[in-house]
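Undergrad: I'd like to ask you about the structure that follows.
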Amino acid sequence: MASFLFLHLLSPLTMTLFTIFLQIQTSSSSSSSSSLSSSPPTQTVLMLPLKTQTLPHGLVSQFASPRKLLFRHNVTLTVSLTVGTPPQSVTMVLDTGSELSWLHCKKPNTNTNTKNTIFNPLLSSSYTPTPCTSPICTTRTRDFPIPVSCDPRKLCHVTVSYADMTSLEGNLAAETFAVSGSGQPGTTFGCMDSSGFTSNADEDSKTTGLMGMNRGSLSFVTQMGFPKFSYCISGKDTSGVLLFGDAKFSWLGPLKYTPLVKMNTPLPYYDRVAYTVRLLGIRVGSKNLNVAKSIFSPDHTGAGQTMVDSGSQFSFLLGSVYKALRSEFVEQTKGVLRVLEDPNYVFEGAMDLCFRVKGGGVAAVPAVTLVFEGAELVVSGERLLYRVAEGSDVSCLTFGNSDLLGTEAYVIGHHHQRNVWMEFDLVNSRVGFADTRCELATQTLGLAA
């Protein structure tokens with residue numbers, strides 16, 4: 001989600017890294033791709049399988065073809081690509097809640113042997129720093145949560161901050177980013193000081209930066225000119241599919257769409273370029289939470305918007321709604337789940353409802369349904385209760401209290417999007433989703449690792 005809400009948590013559990021391999025299929029030359037897509041015969045389908053490496057704790061498109069990426073996930077969704085001339089390999093966290101894409105950059109007179117986690121602009125002939133006087137610096141950064149400034153070298157200076165109280169500083173620059181082997185020159189990003197993104201050096205050693213995918217004018221998806229993108233995260237394993245561009249598949253059921261909410265007036269606690277949707281209510285089982293409907297709408301300061309965010313693992317609710325959900329869930333699971341009676345235990349800093357779960361307890365719990373305008377998202381089973389560690393009998397409800405994070409928003413994290421085809425339609429300003437088995441989608445597309 002947007003940086004000013006300070007909700008991007010780098011979990012002390014596991015992060016995931018993806019490696020790209022290129023596989024090109026065209027409708028005219030591949031019978032398998034033509035059977036999967038209803039796109040015109042001249043449209044090329046680019047599919048890029050990604051493989052995982054587990055980290056220790058912790059706009060009408062100018063491209064005619066969709067681009068499909070197989071990825072694996074655990075806590076964060078990451079993608080590998082190349083940047084610069086000649087190309088350098090980088091690994092970036094995929095984040096629908098951020099605008100600015102950035103990389104850890106090697107600075108002059110610094111020494112580092114870290115492979116694939118530092119971008120060296122000194123070795124790239126296509127690297128171009130952005131001056132303060134550039135229209136990109138003066139006008140297109142207006143939605144950045146922290147205003148840009150001008151450094152002593154007259155270059156556009158940027159700062160980003162995150163939930164673990166860390167921050168990054170650096171300069172805007174333009175560079176060639178290559179997706180599926182096709183370079184896109186002049187892509188604006190943040191070339192950030194490589195002194196560290198998180199307080200965990202092990203995490204820093206495995207990722208190079210972040211790929212901003214929100215609706216801002218400088219987000220990666222906006223700069224690339226894609227009309228839409230989709231992803232599907234497996235609930236069975238750590239595989240999934242990321243697709244850039246427009247494509248339809250016969251095996252995918254109809255999507256239910258909810259419109260994106262537009263806000264033209266700047267408000268202190270409202271992110272205008274986030275994927276904001278209208279949350280109307282929440283059910284536990286068949287019972288609606290007993291809260292005022294107005295609590296789901298942003299107030300005069302912008303607090304209370306609902307954002308779909310791949311950069312957050314779990315989902316978070318405003319304090320009063322979270323407490324109502326917590327109370328109702330405990331009431332409906334009496335005799336099924338045993339509450340962990342430890343007032344000091346708060347998982348991930350915001351989830352304080354945990355249980356001792358043994359055997360088949362998860363199957364018997366009621367589902368939690370998020371009711372949006374035009375669509376519903378049902379959270380059940382393993383998406384609803386998360387085992388805190390391998391071999392542990394402690395599982396926690398995967399909704400957290402946003403008040404404990406110091407933010408004023410509802411956030412729909414990627415854990416609740418597992419086995420759901422998620423489509424972000426930028427042209428029609430809507431988000432669509434449909435239940436599906438994402439591991440089968442991966443296999444059907446011929447991208448299984």
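We name chains A, B, ... following the order of the structure tokens; residues begin at 1 in each chain, and ligands are numbered from 1 as shown.
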Check the DSSP output for the backbone and give back, as number ranges by chain, the residues of region 286-426 of chain A in strand (DSSP E or B).
TA: A: 287-288, 305-308, 315-317, 338-339, 347, 351, 354-356, 368-372, 375-379, 385-387, 394-397, 399-401, 409-412, 418, 420-425
Undergrad: What's the 7 Å shell around region 305-322 of chain A, counting only C-alpha atoms, without same-chain residues fewer than 4 positions away, as a VMD selection string?
TA: chain A and resid 1 8 to 9 75 to 76 94 to 97 270 274 to 279 291 297 to 298 326 398 to 403 408 to 416
Undergrad: Extract, using only C-alpha atoms, all DNA, RNA and protein residues at most 12 Å from Leu289 (chain A), discarding same-chain residues fewer than 5 positions from it, and format them as a PDB file with C-alpha atoms, in the first residue's frame.
TA:
```pdb
ATOM      1  CA  LEU A 280     -19.972  -2.241   2.274  1.00  0.00           C
ATOM      2  CA  GLY A 281     -19.902  -4.748   5.114  1.00  0.00           C
ATOM      3  CA  ILE A 282     -18.457  -7.945   6.617  1.00  0.00           C
ATOM      4  CA  ARG A 283     -20.146 -11.245   7.487  1.00  0.00           C
ATOM      5  CA  VAL A 284     -19.025 -14.012   9.820  1.00  0.00           C
ATOM      6  CA  ILE A 295     -17.663   3.145   9.365  1.00  0.00           C
ATOM      7  CA  PHE A 296     -16.741   1.579   6.011  1.00  0.00           C
ATOM      8  CA  SER A 320     -13.776  -0.755  15.892  1.00  0.00           C
ATOM      9  CA  VAL A 321     -14.543  -3.102  12.974  1.00  0.00           C
ATOM     10  CA  TYR A 322     -11.696  -5.428  13.905  1.00  0.00           C
ATOM     11  CA  LYS A 323     -12.966  -5.663  17.474  1.00  0.00           C
ATOM     12  CA  ALA A 324     -16.469  -6.489  16.229  1.00  0.00           C
ATOM     13  CA  LEU A 325     -15.046  -9.186  13.928  1.00  0.00           C
ATOM     14  CA  ARG A 326     -12.884 -10.573  16.713  1.00  0.00           C
ATOM     15  CA  SER A 327     -15.808 -10.792  19.132  1.00  0.00           C
ATOM     16  CA  GLU A 328     -18.152 -12.434  16.623  1.00  0.00           C
ATOM     17  CA  PHE A 329     -15.541 -14.934  15.454  1.00  0.00           C
ATOM     18  CA  VAL A 368     -15.511 -14.341   6.776  1.00  0.00           C
ATOM     19  CA  THR A 369     -17.023 -12.569   3.766  1.00  0.00           C
ATOM     20  CA  LEU A 370     -15.943  -9.120   2.634  1.00  0.00           C
ATOM     21  CA  VAL A 371     -18.863  -7.456   0.849  1.00  0.00           C
TER      22      VAL A 371
END
```
Undergrad: Between A:Phe220, A:Phe144, A:Phe372, A:Phe189, which is the closest to Trp102 (chain A) once you count only C-alpha atoms?
TA: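 Once distances to Trp102 (chain A) are computed over only C-alpha atoms, the minimum belongs to A:Phe189.
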Undergrad: For Ala364 (chain A), please output as a list in words all residues within 12 Å (counting only C-alpha atoms; exclusion window: fewer than 4 positions along the same chain).
TA: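 Near Ala364 (chain A), the qualifying residues are Gly285, Gln332, Thr333, Lys334, Gly335, Val336, Leu337, Val357, Lys358, Gly359, Gly360, Ser380, Gly381, Glu382, Leu384 and Leu385 of chain A.
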Undergrad: For a test of reading the model, state the distance in Å between CA of Val379 (chain A) and CA of Phe226 (chain A), rounded to one decimal.
TA: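 That distance, rounded to one decimal, is 29.5 Å.
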